[in-house]
Amino acid sequence: MKYFLLILLFSGLLFFSFLGGTSVFQRAEARNAECAREMMENKEWIVPTFNGELRTDKPAMEYYGMMAGYYLLGVNEAGARFFSALCGLLVVLATFWIARRHWSEKAAWWSALTMLASMHLIIQFRLATPDPYLILCHTLSIYFFYEGSHSRKWKWFALTYIFLGLGIFAKGPVGLLLPGLTILLFMLVTKTFTWKRILEQKPWWGILLISAVALPWYFAVHVKTGGEWTRIFFFEHNLNRFDSGLSGHHAPFVMPFIFVLAGLLPFSVFGVRAFKETWQQRKNNSLMVLAALSTLVVVGFYALSQTKLINYTSPAYPFLSLMIGNTIAGLISHSESLRKTKIETLIMVFLALLLPIAVFFFMKYSPLQNVDWIAWFMVAMPIGGIVALFLRKKSSENGLLAIAAAFMVTTFIVFWKPFQVLDDQSPVHKYGEIVSAHNEVVAYKDFHHAFAFYAHGKIPVFQDEKNLIDYLASHEDVLVLSRNYDLSYMDEIPELECLGKGQDLFSRKSTGVYHKH
């Protein structure tokens with residue numbers, strides 16, 4: 001119980017603290033948060049829209065979560081992110097639960113710590129995107145399947161089917177394809193793909209449950225949009241992204257493997273050893289086999305895909321964490337634990353020393369002004385690394401705990417101050433209040449989509465200069481937004497005063513805000 005309560009405390013602090021501390025400056029967050037706001041404002045429960053136009057990128061599950069967050073916390077950043085954070089909490093607790101149920105409390109403890117020490121995992125569950133919802137559904141569907149396979153009780157298979165349906169509702173076909181392929185491979189590898197085992201799962205009821213959960217909304221949006229949403233979502237956002245790729249996101253075959261190892265740092269350094277342990281235990285540890293297959297299916301699928309993004313492979317994190325957690329639990333109980341954990345510990349200490357230095361130089365030469373000092377907020381990492389070297393002389397476990405604590409403390413501090421300092425320099429944060437205060441807000445060519453969330457209304461976008469000039473001639477007190485690599489074309493539009501412009505965070509494009517009295 002002590003370990004569970006500590007994991008609950010750490011999860012609560014890391015997922016929920018300062019949740020509304022930054023603006024929705026990320027493009028995907030901005031579009032998702034605004035889409036949910038528009039649906040709630042218009043009392044539209046079926047058709048998603050962004051800036052008044054049909055949004056076909058994702059199904060509605062995330063929008064429902066955000067609308068629930070708005071009802072609880074108000075229409076703001078924290079409301080948009082609240083249920084994403086709750087998904088993160090549930091994924092960590094579910095991973096702890098299944099590891100403790102089938103292995104030991106120490107394995108559960110280290111599996112959860114592996115996840116909580118990963119800054120990228122924490123970030124993923126603090127964003128208003130569909131990924132937290134997908135990861136939760138993907139993870140629970142596989143965990144519940146394992147429970148059903150192990151206990152031979154159908155209630156667990158019923159839960160599996162429900163969460164497979166929710167996974168489809170969260171992000172489309174991958175919500176069924178990836179866990180379904182994992183389950184099939186697991187049954188083949190463990191030689192349980194037999195008629196007797198298949199009939200135990202009652203797949204006919206599974207089809208009905210999955211359909212009952214996933215299909216009603218898809219059917220409703222298909223009818224209400226005359227098939228337009230269905231056509232664009234399935235063919236452009238799914239088939240085309242897999243087959244042709246998303247512009248700017250092509251990468252080598254091996255990149256998803258690197259994404260997972262980098263995203264789950266620092267404890268992903270035990271990844272190779274964890275796969276080795278899985279192979280050695282393949283005949284008597286079926287949960288390790290399932291975790292390894294779950295990891296490889298996600299990574300392998302996106303290795304074959306033409307679109308490669310680091311968030312795409314994040315559903316693999318809970319399963320790789322399970323493998324690593326069980327591996328660490330075994331290593332620290334070994335009589336030669338100091339020797340066996342030496343290489344990985346030294347690598348993590350090196351990373352703890354290196355990362356703040358890397359951040360310092362990255363910030364120093366970034367377009368942002370005077371932000372290199374935020375690297376000092378990561379001082380807990382090198383301190384933890386040095387402490388780990390001293391503690392491991394007597395206990396390898398204490399050394400690893402020092403590293404986990406250092407990375408978790410750093411993540412907490414980063415959300416407390418550095419992220420907010422960076423956000424302060426974003427045009428969205430600087431000019432969001434000005435946009436909110438104006439009744440007349442338009443855009444020329446393009447605009448940062450976060451402004452739609454802060455404008456609380458549709459922002460008309462002009463592509464033709466003459467049409468914009470004609471509009472300005474007949475309207476007073478108009479705010480004009482634009483976004484591009486070079487905003488010099490805005491100087492040619494008469495009667496516009498530049499209120500400010502700046503480079504968007506993590507982008508080469510700049511945003512300009514102009515006013516016509």
# chains A, B, ... in the order shown; residues from 1 in each chain; ligands from 1
>>> residues_around(residues="Asp446 (chain A)", least_positions_apart="2", cutoff="8 Å", atoms="only C-alpha atoms", output="number ranges by chain")
A: 443-444, 448, 461, 481-484
>>> closest_atom_pairs(of="region 116-205 of chain A", to="region 65-80 of chain A", cutoff="10 Å", atoms="only C-alpha atoms", output="Markdown table")
| residue | atom | partner | partner_atom | distance |
| --- | --- | --- | --- | --- |
| A:Arg126 | CA | A:Ala78 | CA | 9.2 |
| A:Leu127 | CA | A:Ala80 | CA | 8.1 |
| A:Ala128 | CA | A:Ala80 | CA | 5.6 |
| A:Thr129 | CA | A:Ala80 | CA | 9.0 |
| A:Pro130 | CA | A:Gly65 | CA | 9.6 |
| A:Tyr133 | CA | A:Gly65 | CA | 8.8 |
>>> write_last_selection(atoms="C-alpha atoms", output="CSV table (one decimal), in the first residue's frame")
chain,number,residue,atom,x,y,z
A,126,ARG,CA,-0.6,17.2,-20.1
A,127,LEU,CA,-1.6,18.1,-23.7
A,128,ALA,CA,-5.1,18.6,-25.1
A,129,THR,CA,-4.6,16.0,-27.8
A,130,PRO,CA,-6.2,12.6,-28.6
A,133,TYR,CA,-7.2,9.0,-24.6
>>> select_by_dssp(residues="region 95-179 of chain A", states="helix (DSSP H, G or I)", output="ChimeraX atom specification")
/A:95-102,105-116,119-124,131-151,154-171,174-179
>>> closest_residue(among="A:Tyr471, A:Trp229, A:Phe186, A:Tyr302", to="Pro315 (chain A)", atoms="only C-alpha atoms")
A:Tyr302
>>> closest_residue(among="A:Leu338, A:Leu368, A:Leu331, A:Ala437", to="Leu391 (chain A)", atoms="only C-alpha atoms")
A:Leu338
>>> atom_distance(atom1="CA of Ala452 (chain A)", atom2="CA of Leu54 (chain A)")
14.5 Å
>>> residues_around(residues="Trp110 (chain A)", least_positions_apart="4", cutoff="7 Å", atoms="only C-alpha atoms", output="PyMOL selection string")
chain A and resi 106+114+325+328-329
>>> write_last_selection(atoms="C-alpha atoms", output="PDB file, in the first residue's frame")
ATOM      1  CA  LYS A 106       8.732  -4.007  -6.269  1.00  0.00           C
ATOM      2  CA  THR A 114      10.033   4.292 -15.049  1.00  0.00           C
ATOM      3  CA  GLY A 325      10.297  -2.341 -14.049  1.00  0.00           C
ATOM      4  CA  ILE A 328      15.080  -3.678 -12.382  1.00  0.00           C
ATOM      5  CA  ALA A 329      13.178  -5.465  -9.592  1.00  0.00           C
TER       6      ALA A 329
END
>>> closest_residue(among="A:Leu353, A:Ile310, A:Leu265, A:Ile198", to="Pro382 (chain A)", atoms="only C-alpha atoms")
A:Leu353
>>> residues_around(residues="region 150-161 of chain A", least_positions_apart="4", cutoff="12 Å", atoms="only C-alpha atoms", output="number ranges by chain")
A: 98, 101-102, 136-146, 165-168, 175-176, 179-180, 183, 187, 190, 192, 196-214, 285-287, 290
>>> write_last_selection(atoms="C-alpha atoms", output="short mmCIF file (atom, residue, chain, number, x, y, z; two decimals), in the first residue's frame")
data_model
loop_
_atom_site.label_atom_id
_atom_site.label_comp_id
_atom_site.auth_asym_id
_atom_site.auth_seq_id
_atom_site.Cartn_x
_atom_site.Cartn_y
_atom_site.Cartn_z
CA ILE A 98 -1.06 -5.40 -13.32
CA ARG A 101 -0.99 -8.58 -9.49
CA HIS A 102 1.26 -10.86 -11.53
CA LEU A 136 -5.37 4.77 -21.96
CA CYS A 137 -7.73 2.70 -24.13
CA HIS A 138 -4.85 0.85 -25.85
CA THR A 139 -3.18 0.03 -22.53
CA LEU A 140 -6.32 -1.08 -20.69
CA SER A 141 -7.58 -3.21 -23.58
CA ILE A 142 -4.33 -5.23 -23.53
CA TYR A 143 -4.11 -5.41 -19.72
CA PHE A 144 -7.71 -6.63 -19.47
CA PHE A 145 -7.12 -9.17 -22.23
CA TYR A 146 -4.20 -10.57 -20.26
CA GLY A 165 -14.32 0.31 -28.99
CA LEU A 166 -13.28 3.38 -27.03
CA GLY A 167 -9.87 3.23 -28.70
CA ILE A 168 -11.57 3.45 -32.10
CA GLY A 175 -7.40 1.95 -31.64
CA LEU A 176 -8.36 -1.54 -32.81
CA PRO A 179 -3.98 -3.91 -29.72
CA GLY A 180 -5.77 -6.44 -31.94
CA ILE A 183 -3.38 -9.95 -28.97
CA MET A 187 -1.93 -16.01 -28.74
CA THR A 190 2.02 -18.62 -26.45
CA THR A 192 -3.20 -20.32 -27.13
CA LYS A 196 -11.29 -23.54 -27.24
CA ARG A 197 -9.54 -20.31 -26.23
CA ILE A 198 -11.17 -18.30 -28.98
CA LEU A 199 -14.66 -19.50 -27.98
CA GLU A 200 -13.92 -18.61 -24.34
CA GLN A 201 -13.52 -15.00 -25.45
CA LYS A 202 -16.98 -14.99 -27.10
CA PRO A 203 -15.86 -12.90 -30.10
CA TRP A 204 -19.44 -12.58 -31.36
CA TRP A 205 -20.26 -10.59 -28.21
CA GLY A 206 -16.98 -8.74 -28.71
CA ILE A 207 -18.06 -7.54 -32.15
CA LEU A 208 -21.36 -6.32 -30.70
CA LEU A 209 -19.67 -4.54 -27.76
CA ILE A 210 -17.03 -2.87 -29.93
CA SER A 211 -19.69 -1.79 -32.42
CA ALA A 212 -22.03 -0.52 -29.71
CA VAL A 213 -19.27 1.67 -28.26
CA ALA A 214 -17.56 2.89 -31.43
CA ASN A 285 6.61 -15.17 -17.86
CA SER A 286 3.79 -14.52 -20.29
CA LEU A 287 3.23 -10.95 -19.12
CA LEU A 290 2.91 -9.63 -23.93
#
>>> residues_around(residues="region 386-390 of chain A", least_positions_apart="3", cutoff="6 Å", atoms="only C-alpha atoms", output="number ranges by chain")
A: 383, 393, 399, 402
>>> closest_residue(among="A:Ala292, A:Pro356, A:Gly52, A:Gln281", to="Asp372 (chain A)", atoms="only C-alpha atoms")
A:Pro356
>>> residues_around(residues="His475 (chain A)", least_positions_apart="2", cutoff="9 Å", atoms="only C-alpha atoms", output="PyMOL selection string")
chain A and resi 440+470-473+477-478+516-517
>>> write_last_selection(atoms="C-alpha atoms", output="mmCIF file, in the first residue's frame")
data_model
loop_
_atom_site.group_PDB
_atom_site.id
_atom_site.type_symbol
_atom_site.label_atom_id
_atom_site.label_comp_id
_atom_site.auth_asym_id
_atom_site.auth_seq_id
_atom_site.Cartn_x
_atom_site.Cartn_y
_atom_site.Cartn_z
ATOM 1 C CA GLU A 440 -13.438 42.394 -34.915
ATOM 2 C CA ASP A 470 -12.151 46.348 -48.951
ATOM 3 C CA TYR A 471 -13.144 44.786 -45.629
ATOM 4 C CA LEU A 472 -10.923 47.167 -43.645
ATOM 5 C CA ALA A 473 -12.362 50.146 -45.525
ATOM 6 C CA ASP A 477 -11.212 48.949 -34.888
ATOM 7 C CA VAL A 478 -10.151 45.737 -36.640
ATOM 8 C CA LYS A 516 -6.735 49.255 -38.037
ATOM 9 C CA HIS A 517 -8.325 52.118 -36.100
#
>>> atom_distance(atom1="CA of Ser294 (chain A)", atom2="CA of Thr182 (chain A)")
5.6 Å
>>> atom_distance(atom1="CA of Ala30 (chain A)", atom2="CA of Thr230 (chain A)")
22.7 Å
>>> closest_residue(among="A:Gln463, A:Thr313, A:Ser23, A:Ser17", to="Leu505 (chain A)", atoms="only C-alpha atoms")
A:Ser23
>>> closest_residue(among="A:Trp376, A:Leu354, A:Trp416, A:Ala112", to="Phe267 (chain A)", atoms="only C-alpha atoms")
A:Ala112
>>> select_by_dssp(residues="region 30-134 of chain A", states="strand (DSSP E)", output="ChimeraX atom specification")
/A:49-50,53-54
>>> residues_around(residues="Leu422 (chain A)", least_positions_apart="3", cutoff="12 Å", atoms="only C-alpha atoms", output="PyMOL selection string")
chain A and resi 21-23+25+363+366-375+414-419+425-430+503-506
>>> write_last_selection(atoms="C-alpha atoms", output="PDB file, in the first residue's frame")
ATOM      1  CA  GLY A  21       0.274  27.441 -16.587  1.00  0.00           C
ATOM      2  CA  THR A  22       0.932  27.808 -20.326  1.00  0.00           C
ATOM      3  CA  SER A  23      -1.170  28.897 -23.274  1.00  0.00           C
ATOM      4  CA  PHE A  25       0.551  27.464 -28.167  1.00  0.00           C
ATOM      5  CA  MET A 363      18.513  28.001 -25.381  1.00  0.00           C
ATOM      6  CA  SER A 366      17.699  29.746 -29.963  1.00  0.00           C
ATOM      7  CA  PRO A 367      15.662  32.689 -31.342  1.00  0.00           C
ATOM      8  CA  LEU A 368      14.246  33.238 -27.832  1.00  0.00           C
ATOM      9  CA  GLN A 369      15.740  36.062 -25.806  1.00  0.00           C
ATOM     10  CA  ASN A 370      17.612  35.611 -22.515  1.00  0.00           C
ATOM     11  CA  VAL A 371      16.350  32.128 -21.692  1.00  0.00           C
ATOM     12  CA  ASP A 372      19.611  30.198 -21.342  1.00  0.00           C
ATOM     13  CA  TRP A 373      19.406  30.730 -17.572  1.00  0.00           C
ATOM     14  CA  ILE A 374      16.459  28.329 -17.306  1.00  0.00           C
ATOM     15  CA  ALA A 375      18.977  25.470 -17.581  1.00  0.00           C
ATOM     16  CA  VAL A 414      10.158  22.640 -15.456  1.00  0.00           C
ATOM     17  CA  PHE A 415       6.357  22.867 -15.433  1.00  0.00           C
ATOM     18  CA  TRP A 416       6.469  25.308 -12.531  1.00  0.00           C
ATOM     19  CA  LYS A 417       8.766  27.885 -14.160  1.00  0.00           C
ATOM     20  CA  PRO A 418      10.773  27.201 -17.372  1.00  0.00           C
ATOM     21  CA  PHE A 419       7.772  26.219 -19.510  1.00  0.00           C
ATOM     22  CA  GLN A 425       7.806  34.857 -25.175  1.00  0.00           C
ATOM     23  CA  SER A 426       5.263  33.290 -27.504  1.00  0.00           C
ATOM     24  CA  PRO A 427       3.109  35.646 -29.597  1.00  0.00           C
ATOM     25  CA  VAL A 428       0.067  33.704 -28.395  1.00  0.00           C
ATOM     26  CA  HIS A 429       0.774  34.650 -24.775  1.00  0.00           C
ATOM     27  CA  LYS A 430       1.842  38.199 -25.587  1.00  0.00           C
ATOM     28  CA  GLN A 503       8.627  33.965 -33.900  1.00  0.00           C
ATOM     29  CA  ASP A 504       6.282  31.217 -32.788  1.00  0.00           C
ATOM     30  CA  LEU A 505       7.605  28.726 -30.250  1.00  0.00           C
ATOM     31  CA  PHE A 506       9.231  25.639 -31.777  1.00  0.00           C
TER      32      PHE A 506
END
